[in-house]
Each structure stands twice: as C-alpha cells, then as structure tokens.
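Source file: data_36.txt (compact mmCIF, C-alpha atoms)
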# COMPACT_ATOMS: atom_id res chain seq x y z
CA MET Z 26 0.00 0.00 0.00
CA ARG Z 27 1.19 3.48 -0.83
CA LEU Z 28 0.80 6.22 1.78
CA LEU Z 29 1.34 9.98 1.76
CA VAL Z 30 2.74 11.73 4.83
CA VAL Z 31 2.30 15.52 4.84
CA GLU Z 32 4.39 16.82 7.73
CA ASP Z 33 6.68 19.87 7.83
CA GLU Z 34 8.66 18.76 10.89
CA GLU Z 35 11.59 17.07 9.16
CA GLY Z 36 12.58 14.72 11.98
CA LEU Z 37 9.04 13.44 12.49
CA ALA Z 38 8.50 13.00 8.74
CA VAL Z 39 11.70 10.96 8.42
CA ALA Z 40 10.78 8.81 11.42
CA LEU Z 41 7.29 8.12 10.08
CA LYS Z 42 8.62 7.25 6.63
CA ARG Z 43 11.23 4.88 8.08
CA GLY Z 44 8.78 3.16 10.41
CA LEU Z 45 6.00 2.75 7.86
CA GLU Z 46 8.38 1.49 5.18
CA ALA Z 47 9.69 -1.10 7.64
CA ALA Z 48 6.07 -2.22 8.05
CA GLY Z 49 5.81 -2.77 4.29
CA TYR Z 50 4.19 0.45 3.09
CA ALA Z 51 5.52 2.61 0.27
CA VAL Z 52 5.68 6.15 1.65
CA ASP Z 53 5.87 9.52 -0.09
CA VAL Z 54 6.51 12.65 1.98
CA ALA Z 55 5.53 16.28 1.44
CA HIS Z 56 6.65 19.09 3.76
CA ASP Z 57 4.23 21.71 2.43
CA GLY Z 58 0.44 21.77 2.23
CA LEU Z 59 0.32 22.83 -1.42
CA VAL Z 60 2.77 20.10 -2.41
CA GLY Z 61 0.81 17.54 -0.38
CA LEU Z 62 -2.44 18.59 -2.05
CA HIS Z 63 -0.89 18.21 -5.49
CA MET Z 64 0.51 14.76 -4.66
CA ALA Z 65 -2.81 13.59 -3.20
CA ARG Z 66 -4.56 14.65 -6.39
CA GLN Z 67 -2.07 12.94 -8.68
CA ASN Z 68 -1.48 9.58 -6.96
CA PRO Z 69 -3.80 6.73 -5.82
CA TYR Z 70 -2.76 6.64 -2.15
CA GLN Z 71 -4.46 4.18 0.18
CA ALA Z 72 -4.25 6.65 3.10
CA ILE Z 73 -2.87 10.09 3.99
CA VAL Z 74 -1.26 11.17 7.27
CA LEU Z 75 -1.85 14.92 7.38
CA ASP Z 76 -0.52 17.47 9.86
CA ILE Z 77 -2.58 20.60 10.61
CA MET Z 78 0.14 23.23 10.88
CA LEU Z 79 1.75 23.31 7.43
CA PRO Z 80 3.36 26.02 5.31
CA GLY Z 81 1.61 26.91 2.06
CA LEU Z 82 -1.78 25.48 3.00
CA ASN Z 83 -2.86 24.13 6.37
CA GLY Z 84 -4.14 20.62 6.88
CA TYR Z 85 -7.78 21.66 7.28
CA ARG Z 86 -7.76 23.34 3.88
CA VAL Z 87 -5.93 20.45 2.23
CA CYS Z 88 -8.51 18.02 3.60
CA ALA Z 89 -11.47 20.23 2.67
CA ARG Z 90 -10.24 20.66 -0.91
CA LEU Z 91 -9.72 16.94 -1.39
CA ARG Z 92 -13.22 16.18 -0.14
CA ALA Z 93 -14.70 18.96 -2.30
CA GLU Z 94 -13.08 17.23 -5.30
CA ASP Z 95 -14.59 13.86 -4.27
CA ILE Z 96 -11.19 12.38 -3.40
CA GLU Z 97 -12.16 9.91 -0.68
CA THR Z 98 -8.69 8.69 0.35
CA PRO Z 99 -8.79 7.97 4.12
CA ILE Z 100 -7.12 10.80 6.07
CA LEU Z 101 -5.54 10.55 9.52
CA MET Z 102 -4.97 14.09 10.76
CA LEU Z 103 -2.30 14.96 13.34
CA THR Z 104 -3.59 17.52 15.84
CA ALA Z 105 -2.13 19.55 18.69
CA LYS Z 106 -1.86 18.06 22.18
CA ASN Z 107 -5.23 18.28 23.98
CA GLY Z 108 -6.57 20.22 21.02
CA GLU Z 109 -10.23 19.24 21.22
CA TYR Z 110 -11.19 22.09 18.90
CA ASP Z 111 -8.54 20.92 16.44
CA GLU Z 112 -9.99 17.43 16.61
CA ALA Z 113 -13.54 18.66 16.02
CA GLU Z 114 -12.50 20.79 13.05
CA ALA Z 115 -10.47 17.92 11.61
CA LEU Z 116 -13.57 15.72 11.54
CA ASP Z 117 -15.77 18.57 10.27
CA THR Z 118 -13.48 19.17 7.28
CA GLY Z 119 -13.61 15.51 6.25
CA ALA Z 120 -10.80 13.70 8.10
CA ASP Z 121 -11.56 10.08 8.97
CA ASP Z 122 -9.60 10.02 12.21
CA PHE Z 123 -7.19 12.13 14.24
CA LEU Z 124 -4.21 11.60 16.53
CA ALA Z 125 -2.92 14.17 19.02
CA LYS Z 126 0.80 14.99 19.21
CA PRO Z 127 2.91 13.66 20.78
CA PHE Z 128 1.72 10.18 19.84
CA SER Z 129 2.86 6.58 19.96
CA TYR Z 130 4.02 5.21 16.61
CA VAL Z 131 2.39 1.87 17.50
CA VAL Z 132 -0.96 3.65 17.93
CA LEU Z 133 -0.52 5.56 14.67
CA GLU Z 134 0.07 2.35 12.73
CA ALA Z 135 -2.94 0.71 14.41
CA ARG Z 136 -5.12 3.72 13.51
CA LEU Z 137 -3.96 3.43 9.89
CA ARG Z 138 -4.82 -0.27 9.79
CA ALA Z 139 -8.27 0.54 11.16
CA LEU Z 140 -8.77 3.23 8.50
CA LEU Z 141 -7.83 0.78 5.77
CA ARG Z 142 -10.23 -1.83 7.12
CA ARG Z 143 -13.05 0.72 7.28
CA GLY Z 144 -12.30 1.70 3.70
CA GLY Z 145 -14.45 -1.27 2.74
CA ALA Z 146 -15.12 -1.28 -0.99
CA ARG Z 147 -12.38 1.28 -1.64
CA THR Z 148 -9.66 -1.07 -0.42
CA ARG Z 149 -11.32 -4.50 -1.05
CA THR Z 150 -10.47 -5.75 2.41
CA VAL Z 151 -9.61 -9.34 1.36
CA LEU Z 152 -8.29 -10.03 -2.15
CA ARG Z 153 -8.85 -13.53 -3.60
CA ILE Z 154 -7.32 -15.17 -6.66
CA GLY Z 155 -8.30 -18.83 -6.78
CA ASP Z 156 -7.45 -20.26 -3.36
CA LEU Z 157 -4.91 -17.49 -2.69
CA TRP Z 158 -6.07 -14.77 -0.30
CA ILE Z 159 -4.42 -11.49 0.69
CA ASP Z 160 -5.63 -9.38 3.61
CA PRO Z 161 -4.02 -5.93 3.21
CA ALA Z 162 -5.31 -4.48 6.46
CA ASN Z 163 -3.86 -7.29 8.56
CA ARG Z 164 -0.78 -7.82 6.34
CA SER Z 165 -1.50 -11.54 6.03
CA SER Z 166 -1.84 -14.02 3.18
CA GLY Z 167 -2.30 -17.70 2.49
CA ARG Z 168 -3.73 -20.45 0.30
CA GLY Z 169 -6.86 -22.00 1.70
CA ASP Z 170 -6.17 -22.73 5.36
CA VAL Z 171 -2.39 -22.48 4.99
CA ARG Z 172 -0.86 -19.18 6.09
CA ILE Z 173 2.06 -17.94 3.97
CA ARG Z 174 4.72 -15.89 5.72
CA LEU Z 175 6.09 -13.04 3.60
CA THR Z 176 8.47 -10.18 4.22
CA ALA Z 177 6.99 -6.69 4.16
CA LYS Z 178 8.22 -5.98 0.61
CA GLU Z 179 7.18 -9.41 -0.69
CA PHE Z 180 3.70 -8.80 0.66
CA ALA Z 181 3.55 -5.36 -0.97
CA VAL Z 182 4.55 -6.75 -4.39
CA LEU Z 183 1.99 -9.57 -4.06
CA GLU Z 184 -0.74 -7.11 -3.11
CA CYS Z 185 0.12 -4.87 -6.06
CA LEU Z 186 -0.23 -7.79 -8.49
CA ALA Z 187 -3.37 -9.13 -6.79
CA ARG Z 188 -5.16 -5.79 -7.00
CA ARG Z 189 -4.72 -5.96 -10.77
CA ALA Z 190 -5.26 -9.68 -11.20
CA GLY Z 191 -5.63 -10.65 -14.85
CA GLU Z 192 -3.86 -7.50 -16.05
CA VAL Z 193 -0.28 -7.20 -17.23
CA VAL Z 194 1.43 -5.03 -14.61
CA PRO Z 195 4.61 -3.31 -15.85
CA LYS Z 196 7.67 -3.31 -13.60
CA THR Z 197 7.48 0.49 -13.48
CA ASP Z 198 3.96 0.31 -12.02
CA ILE Z 199 5.11 -2.13 -9.34
CA VAL Z 200 8.02 0.11 -8.38
CA ASP Z 201 5.74 3.17 -8.28
CA GLN Z 202 3.30 1.38 -5.98
CA VAL Z 203 5.66 -0.57 -3.71
CA TRP Z 204 8.68 1.72 -3.47
CA SER Z 205 8.48 5.43 -2.67
CA ALA Z 206 8.58 8.13 -5.34
CA ASP Z 207 12.26 8.85 -4.66
CA PHE Z 208 13.38 5.29 -5.57
CA GLU Z 209 16.31 5.45 -7.99
CA GLY Z 210 17.39 1.82 -8.05
CA ASP Z 211 17.33 -0.82 -10.79
CA LEU Z 212 13.90 -1.99 -12.01
CA ASN Z 213 15.23 -5.54 -11.91
CA ILE Z 214 14.74 -5.45 -8.13
CA VAL Z 215 11.16 -6.48 -8.99
CA GLU Z 216 12.43 -9.77 -10.46
CA VAL Z 217 14.12 -10.62 -7.16
CA TYR Z 218 10.87 -10.21 -5.23
CA VAL Z 219 8.75 -12.02 -7.82
CA SER Z 220 11.16 -14.99 -7.68
CA ALA Z 221 10.87 -15.05 -3.90
CA LEU Z 222 7.07 -14.92 -4.13
CA ARG Z 223 6.97 -17.83 -6.56
CA ARG Z 224 9.03 -19.94 -4.13
CA LYS Z 225 6.60 -19.19 -1.30
CA VAL Z 226 3.20 -18.66 -2.94
CA ASP Z 227 3.28 -20.97 -5.97
CA THR Z 228 5.84 -23.79 -5.90
CA PRO Z 229 4.80 -25.47 -2.59
CA PHE Z 230 1.17 -25.54 -3.77
CA GLY Z 231 1.68 -26.65 -7.37
CA ARG Z 232 0.60 -23.29 -8.75
CA ALA Z 233 1.94 -20.93 -11.42
CA SER Z 234 -0.10 -17.86 -10.60
CA ILE Z 235 2.52 -15.18 -11.37
CA GLU Z 236 3.20 -15.16 -15.10
CA THR Z 237 6.09 -13.30 -16.74
CA VAL Z 238 5.07 -11.21 -19.75
CA ARG Z 239 8.43 -10.84 -21.44
CA GLY Z 240 9.64 -7.29 -21.91
CA ILE Z 241 6.71 -5.81 -19.97
CA GLY Z 242 6.06 -7.17 -16.50
CA TYR Z 243 3.88 -9.73 -14.72
CA ARG Z 244 0.30 -10.98 -14.62
CA MET Z 245 -1.38 -12.75 -11.72
CA THR Z 246 -3.90 -15.51 -12.39
CA GLY Z 247 -5.40 -18.45 -10.51
CA HIS Z 248 -3.70 -21.07 -12.69
CA ALA Z 249 -2.28 -24.38 -11.51
CA ALA Z 250 1.24 -25.34 -12.54

Starting from the file, give its structure as structure tokens.
Amino acid sequence: MRLLVVEDEEGLAVALKRGLEAAGYAVDVAHDGLVGLHMARQNPYQAIVLDIMLPGLNGYRVCARLRAEDIETPILMLTAKNGEYDEAEALDTGADDFLAKPFSYVVLEARLRALLRRGGARTRTVLRIGDLWIDPANRSSGRGDVRIRLTAKEFAVLECLARRAGEVVPKTDIVDQVWSADFEGDLNIVEVYVSALRRKVDTPFGRASIETVRGIGYRMTGHAA
C-alpha cells in the first residue's frame, strides 16, 4: 500500500517514513500543504497522514479541498496536544480520524490499519485469486487454510499484483506502488521479489499464478502449474 505523509517537521516526517516502510508500506513525503495537495490529487494513495500546521496550506484546507473534489482517500490528521477544537475541526473538514501529538508510533500504525479496514469497498479488504487470499489491512496471506509468511516488501509486491489480477502489470507500475517516489534503483529489483514470491506462494502448492510477460512485467492468475 502506498501512503502519503504531509508533515513539515523534518525529523518526524523521516521517522514516520522509516517506520512505515519497515512495516511494508511505500511512503511519499511532502513538507508543504500545497505540495501535499498536489501529490494527493495525482497519486492513488491508500491513506494520507496529514498534519494541521503546514506552510503553504494548512491541513484543514488540504482536507477540505480533497473532499470537495470527491477524493475519498482515508485521512488521519495529526492535531495539537489536547486540542479538542482541532480534533472537532479535523472531523468537520472531512478527516476520517485524528491523533494528538505527541503520539505513539504503535498507535498511529494501528489507527492506519483501522482506516484501511473501514475503507471497505475502496480497499477491497480481502483479495482472492483462486485459493490465494491477501488481507491488506492485517498484512497476512495464504492459500486455503495455509498461512504464507512473507516479508513486508514481498507482501507489498503480491498485493500490487493481486489488486490488478488478470492484467499485465509493468515493472514500473510495481516500483511506483511498492517503493516510494524517490526510488532510484534498478527496475530488476522487482524480479528478485517475484522470484521469492513464486518460491513461497506458488511452488509449494503446485501453482503458477505469477506469469512473466516478457519485456513488460507480470500478470497474476489463478492457474495451476
């Protein structure tokens, strides 16, 4: 899942990006409200972490503009300590949840998981391709009753393919979704993760669900080997 963090406090933004990426999310960061608004309009984020006090455009106005444009991406707004009026205004402008600073990172991640679960139809809580299932909100996957243990990045690549099951997904699309916008590495990194997924998701179960489309990318199906 790809997230947007809009936070002008550099240290906090870096810490959030590092922690969320370790949990398997792809994270883009904006330090300015206008930049954050532009990024939220241009990219299909699964959730946005939005501070209130931002240069350029404050969080309330960013949130209000997104909702006025029918952009329904779940928004977790960061409010001031004991700022009950901040919290009320956050909800009134269209935020889905709020968290007062200073906050526990563990709680923030739990709030995000809850937002993604409540997203319902927007996030298709459990993805199914044949007997393979992927639960994005709980970061779990398996075939039938057998749970499959994946690393955070493996899970993110699998989810990206599963959300577009039946389609050919170019490597560039996978990198855009799974790695952050500032990724400058080799696109062949995708091959490494797809190979790992095949060893865990397909081979032990006699499946060949991740097809290589030469010169383009990959397609996920429910096929047996």

Please list as a ChimeraX atom specification every residue within 9 Å of range 157-160 of chain Z, counting all atoms listed in the file and excluding residues in the same chain fewer than 3 positions away.
/Z:149-154,163-169,180,183-184,187,226,247

Choose the residue, out of Z:Ala190, Z:Ala72, Z:Ala181, Z:Ile235, that has the smallest atom-to-atom separation from Ser220 in chain Z; count only C-alpha atoms.
Z:Ile235

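All residues of protein, DNA or RNA that reach within 9 Å of range 210-214 of chain Z, judged by all atoms listed in the file and not counting those fewer than 6 positions away in the chain, are Lys196, Thr197 and Val200 of chain Z.
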
If you measure from CA of Phe230 in chain Z to CA of Val203 in chain Z, what distance in Å do you get, rounded to one decimal?
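That distance, rounded to one decimal, is 25.4 Å.
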
Nearest to Arg92 in chain Z among Z:Glu46, Z:Asp53, Z:Asp33, Z:Asp121, with distances taken over all atoms listed in the file: which residue is it?
Z:Asp121

Within 12 Å of file point (-11.7, 13.6, 15.1), counting all atoms listed in the file, expressed as an NGL selection string:
:Z and (85 or 100-105 or 107-125 or 136)

Would you save the residues of that selection, restricted to C-alpha atoms, as an mmCIF file, keeping the file's coordinate frame?
data_model
loop_
_atom_site.group_PDB
_atom_site.id
_atom_site.type_symbol
_atom_site.label_atom_id
_atom_site.label_comp_id
_atom_site.auth_asym_id
_atom_site.auth_seq_id
_atom_site.Cartn_x
_atom_site.Cartn_y
_atom_site.Cartn_z
ATOM 1 C CA TYR Z 85 -7.780 21.660 7.280
ATOM 2 C CA ILE Z 100 -7.120 10.800 6.070
ATOM 3 C CA LEU Z 101 -5.540 10.550 9.520
ATOM 4 C CA MET Z 102 -4.970 14.090 10.760
ATOM 5 C CA LEU Z 103 -2.300 14.960 13.340
ATOM 6 C CA THR Z 104 -3.590 17.520 15.840
ATOM 7 C CA ALA Z 105 -2.130 19.550 18.690
ATOM 8 C CA ASN Z 107 -5.230 18.280 23.980
ATOM 9 C CA GLY Z 108 -6.570 20.220 21.020
ATOM 10 C CA GLU Z 109 -10.230 19.240 21.220
ATOM 11 C CA TYR Z 110 -11.190 22.090 18.900
ATOM 12 C CA ASP Z 111 -8.540 20.920 16.440
ATOM 13 C CA GLU Z 112 -9.990 17.430 16.610
ATOM 14 C CA ALA Z 113 -13.540 18.660 16.020
ATOM 15 C CA GLU Z 114 -12.500 20.790 13.050
ATOM 16 C CA ALA Z 115 -10.470 17.920 11.610
ATOM 17 C CA LEU Z 116 -13.570 15.720 11.540
ATOM 18 C CA ASP Z 117 -15.770 18.570 10.270
ATOM 19 C CA THR Z 118 -13.480 19.170 7.280
ATOM 20 C CA GLY Z 119 -13.610 15.510 6.250
ATOM 21 C CA ALA Z 120 -10.800 13.700 8.100
ATOM 22 C CA ASP Z 121 -11.560 10.080 8.970
ATOM 23 C CA ASP Z 122 -9.600 10.020 12.210
ATOM 24 C CA PHE Z 123 -7.190 12.130 14.240
ATOM 25 C CA LEU Z 124 -4.210 11.600 16.530
ATOM 26 C CA ALA Z 125 -2.920 14.170 19.020
ATOM 27 C CA ARG Z 136 -5.120 3.720 13.510
#

So that I can check the surroundings of Ala93 in chain Z, please list as a list of chain:residue names every protein, DNA and RNA residue that reaches within 12 Å of it, counting all atoms listed in the file and ignoring chain neighbours fewer than 4 positions away.
Z:Arg66, Z:Arg86, Z:Val87, Z:Cys88, Z:Ala89, Z:Glu97, Z:Thr118, Z:Gly119

Kindly export the residues of the current selection with C-alpha atoms, as an mmCIF file, keeping the file's coordinate frame.
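Produced file part-v9.cif, reproduced below:
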data_model
loop_
_atom_site.group_PDB
_atom_site.id
_atom_site.type_symbol
_atom_site.label_atom_id
_atom_site.label_comp_id
_atom_site.auth_asym_id
_atom_site.auth_seq_id
_atom_site.Cartn_x
_atom_site.Cartn_y
_atom_site.Cartn_z
ATOM 1 C CA ARG Z 66 -4.560 14.650 -6.390
ATOM 2 C CA ARG Z 86 -7.760 23.340 3.880
ATOM 3 C CA VAL Z 87 -5.930 20.450 2.230
ATOM 4 C CA CYS Z 88 -8.510 18.020 3.600
ATOM 5 C CA ALA Z 89 -11.470 20.230 2.670
ATOM 6 C CA GLU Z 97 -12.160 9.910 -0.680
ATOM 7 C CA THR Z 118 -13.480 19.170 7.280
ATOM 8 C CA GLY Z 119 -13.610 15.510 6.250
#

If we count only C-alpha atoms and set the cut-off at 12 Å, which residues sit around Ser129 in chain Z, ignoring sequence neighbours fewer than 6 positions away in its own chain? Please answer as a list in words.
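Near neighbours after the sequence-gap exclusion: Leu37, Ala40, Leu41, Gly44, Leu103, Ala135 and Arg136 of chain Z.
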
Name the closest residue to Asn83 in chain Z among the candidates Z:Pro161, Z:Tyr130, Z:Val31, Z:Leu45; distances are taken between atoms, counting only C-alpha atoms.
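Answer, going by the shortest atom-to-atom distance: Z:Val31.
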
I'd like the contact shell of Val60 in chain Z - 10 Å cut-off, only C-alpha atoms, skipping same-chain residues fewer than 2 positions apart - returned as a list in words.
Val31, Val54, Ala55, His56, Asp57, Gly58, Leu62, His63, Met64, Ala65, Arg66, Pro80, Gly81, Leu82 and Val87 of chain Z

Take range 96-107 of chain Z, model all heavy atoms, and hand the result over as an mmCIF file, in the coordinates of the input.
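And here's rebuild.cif as it stands now:
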data_model
loop_
_atom_site.group_PDB
_atom_site.id
_atom_site.type_symbol
_atom_site.label_atom_id
_atom_site.label_comp_id
_atom_site.auth_asym_id
_atom_site.auth_seq_id
_atom_site.Cartn_x
_atom_site.Cartn_y
_atom_site.Cartn_z
ATOM 1 N N ILE Z 96 -12.308 13.292 -3.646
ATOM 2 C CA ILE Z 96 -11.190 12.380 -3.400
ATOM 3 C C ILE Z 96 -11.397 11.813 -2.001
ATOM 4 O O ILE Z 96 -11.300 12.531 -1.008
ATOM 5 C CB ILE Z 96 -9.839 13.115 -3.516
ATOM 6 C CG1 ILE Z 96 -9.656 13.598 -4.969
ATOM 7 C CG2 ILE Z 96 -8.691 12.201 -3.090
ATOM 8 C CD1 ILE Z 96 -8.437 14.464 -5.171
ATOM 9 N N GLU Z 97 -11.725 10.524 -1.930
ATOM 10 C CA GLU Z 97 -12.160 9.910 -0.680
ATOM 11 C C GLU Z 97 -11.057 9.126 0.033
ATOM 12 O O GLU Z 97 -11.336 8.280 0.887
ATOM 13 C CB GLU Z 97 -13.351 8.987 -0.940
ATOM 14 C CG GLU Z 97 -14.588 9.713 -1.437
ATOM 15 C CD GLU Z 97 -15.109 10.717 -0.410
ATOM 16 O OE1 GLU Z 97 -15.017 10.431 0.795
ATOM 17 O OE2 GLU Z 97 -15.595 11.774 -0.820
ATOM 18 N N THR Z 98 -9.795 9.373 -0.312
ATOM 19 C CA THR Z 98 -8.690 8.690 0.350
ATOM 20 C C THR Z 98 -8.796 8.889 1.870
ATOM 21 O O THR Z 98 -8.959 10.025 2.329
ATOM 22 C CB THR Z 98 -7.344 9.270 -0.118
ATOM 23 O OG1 THR Z 98 -7.306 9.249 -1.545
ATOM 24 C CG2 THR Z 98 -6.186 8.458 0.445
ATOM 25 N N PRO Z 99 -8.719 7.818 2.666
ATOM 26 C CA PRO Z 99 -8.790 7.970 4.120
ATOM 27 C C PRO Z 99 -7.691 8.905 4.635
ATOM 28 O O PRO Z 99 -6.537 8.809 4.210
ATOM 29 C CB PRO Z 99 -8.587 6.544 4.643
ATOM 30 C CG PRO Z 99 -9.047 5.670 3.525
ATOM 31 C CD PRO Z 99 -8.645 6.387 2.270
ATOM 32 N N ILE Z 100 -8.064 9.810 5.533
ATOM 33 C CA ILE Z 100 -7.120 10.800 6.070
ATOM 34 C C ILE Z 100 -7.048 10.678 7.582
ATOM 35 O O ILE Z 100 -8.073 10.737 8.276
ATOM 36 C CB ILE Z 100 -7.539 12.228 5.691
ATOM 37 C CG1 ILE Z 100 -7.414 12.428 4.171
ATOM 38 C CG2 ILE Z 100 -6.681 13.264 6.431
ATOM 39 C CD1 ILE Z 100 -7.931 13.779 3.688
ATOM 40 N N LEU Z 101 -5.815 10.505 8.084
ATOM 41 C CA LEU Z 101 -5.540 10.550 9.520
ATOM 42 C C LEU Z 101 -4.857 11.875 9.789
ATOM 43 O O LEU Z 101 -3.748 12.108 9.309
ATOM 44 C CB LEU Z 101 -4.629 9.383 9.925
ATOM 45 C CG LEU Z 101 -4.142 9.375 11.379
ATOM 46 C CD1 LEU Z 101 -5.309 9.259 12.351
ATOM 47 C CD2 LEU Z 101 -3.150 8.234 11.601
ATOM 48 N N MET Z 102 -5.512 12.752 10.535
ATOM 49 C CA MET Z 102 -4.970 14.090 10.760
ATOM 50 C C MET Z 102 -4.256 14.150 12.109
ATOM 51 O O MET Z 102 -4.739 13.618 13.111
ATOM 52 C CB MET Z 102 -6.084 15.138 10.699
ATOM 53 C CG MET Z 102 -5.570 16.564 10.609
ATOM 54 S SD MET Z 102 -6.888 17.774 10.245
ATOM 55 C CE MET Z 102 -7.110 17.502 8.494
ATOM 56 N N LEU Z 103 -3.090 14.780 12.117
ATOM 57 C CA LEU Z 103 -2.300 14.960 13.340
ATOM 58 C C LEU Z 103 -2.647 16.307 13.950
ATOM 59 O O LEU Z 103 -2.500 17.346 13.296
ATOM 60 C CB LEU Z 103 -0.802 14.882 13.016
ATOM 61 C CG LEU Z 103 -0.346 13.600 12.306
ATOM 62 C CD1 LEU Z 103 1.152 13.653 12.046
ATOM 63 C CD2 LEU Z 103 -0.707 12.353 13.110
ATOM 64 N N THR Z 104 -3.123 16.292 15.189
ATOM 65 C CA THR Z 104 -3.590 17.520 15.840
ATOM 66 C C THR Z 104 -2.683 17.892 17.013
ATOM 67 O O THR Z 104 -1.822 17.122 17.412
ATOM 68 C CB THR Z 104 -5.035 17.341 16.361
ATOM 69 O OG1 THR Z 104 -5.024 16.428 17.458
ATOM 70 C CG2 THR Z 104 -5.952 16.806 15.280
ATOM 71 N N ALA Z 105 -2.918 19.087 17.549
ATOM 72 C CA ALA Z 105 -2.130 19.550 18.690
ATOM 73 C C ALA Z 105 -2.521 18.776 19.953
ATOM 74 O O ALA Z 105 -3.619 18.219 20.053
ATOM 75 C CB ALA Z 105 -2.372 21.040 18.913
ATOM 76 N N LYS Z 106 -1.594 18.741 20.916
ATOM 77 C CA LYS Z 106 -1.860 18.060 22.180
ATOM 78 C C LYS Z 106 -3.070 18.690 22.865
ATOM 79 O O LYS Z 106 -3.168 19.907 23.011
ATOM 80 C CB LYS Z 106 -0.633 18.161 23.096
ATOM 81 C CG LYS Z 106 -0.799 17.444 24.424
ATOM 82 C CD LYS Z 106 0.444 17.590 25.278
ATOM 83 C CE LYS Z 106 0.291 16.870 26.616
ATOM 84 N NZ LYS Z 106 1.478 17.029 27.473
ATOM 85 N N ASN Z 107 -4.009 17.825 23.290
ATOM 86 C CA ASN Z 107 -5.230 18.280 23.980
ATOM 87 C C ASN Z 107 -6.002 19.315 23.174
ATOM 88 O O ASN Z 107 -6.693 20.157 23.724
ATOM 89 C CB ASN Z 107 -4.880 18.866 25.361
ATOM 90 C CG ASN Z 107 -4.228 17.839 26.267
ATOM 91 O OD1 ASN Z 107 -4.584 16.669 26.245
ATOM 92 N ND2 ASN Z 107 -3.257 18.274 27.052
#
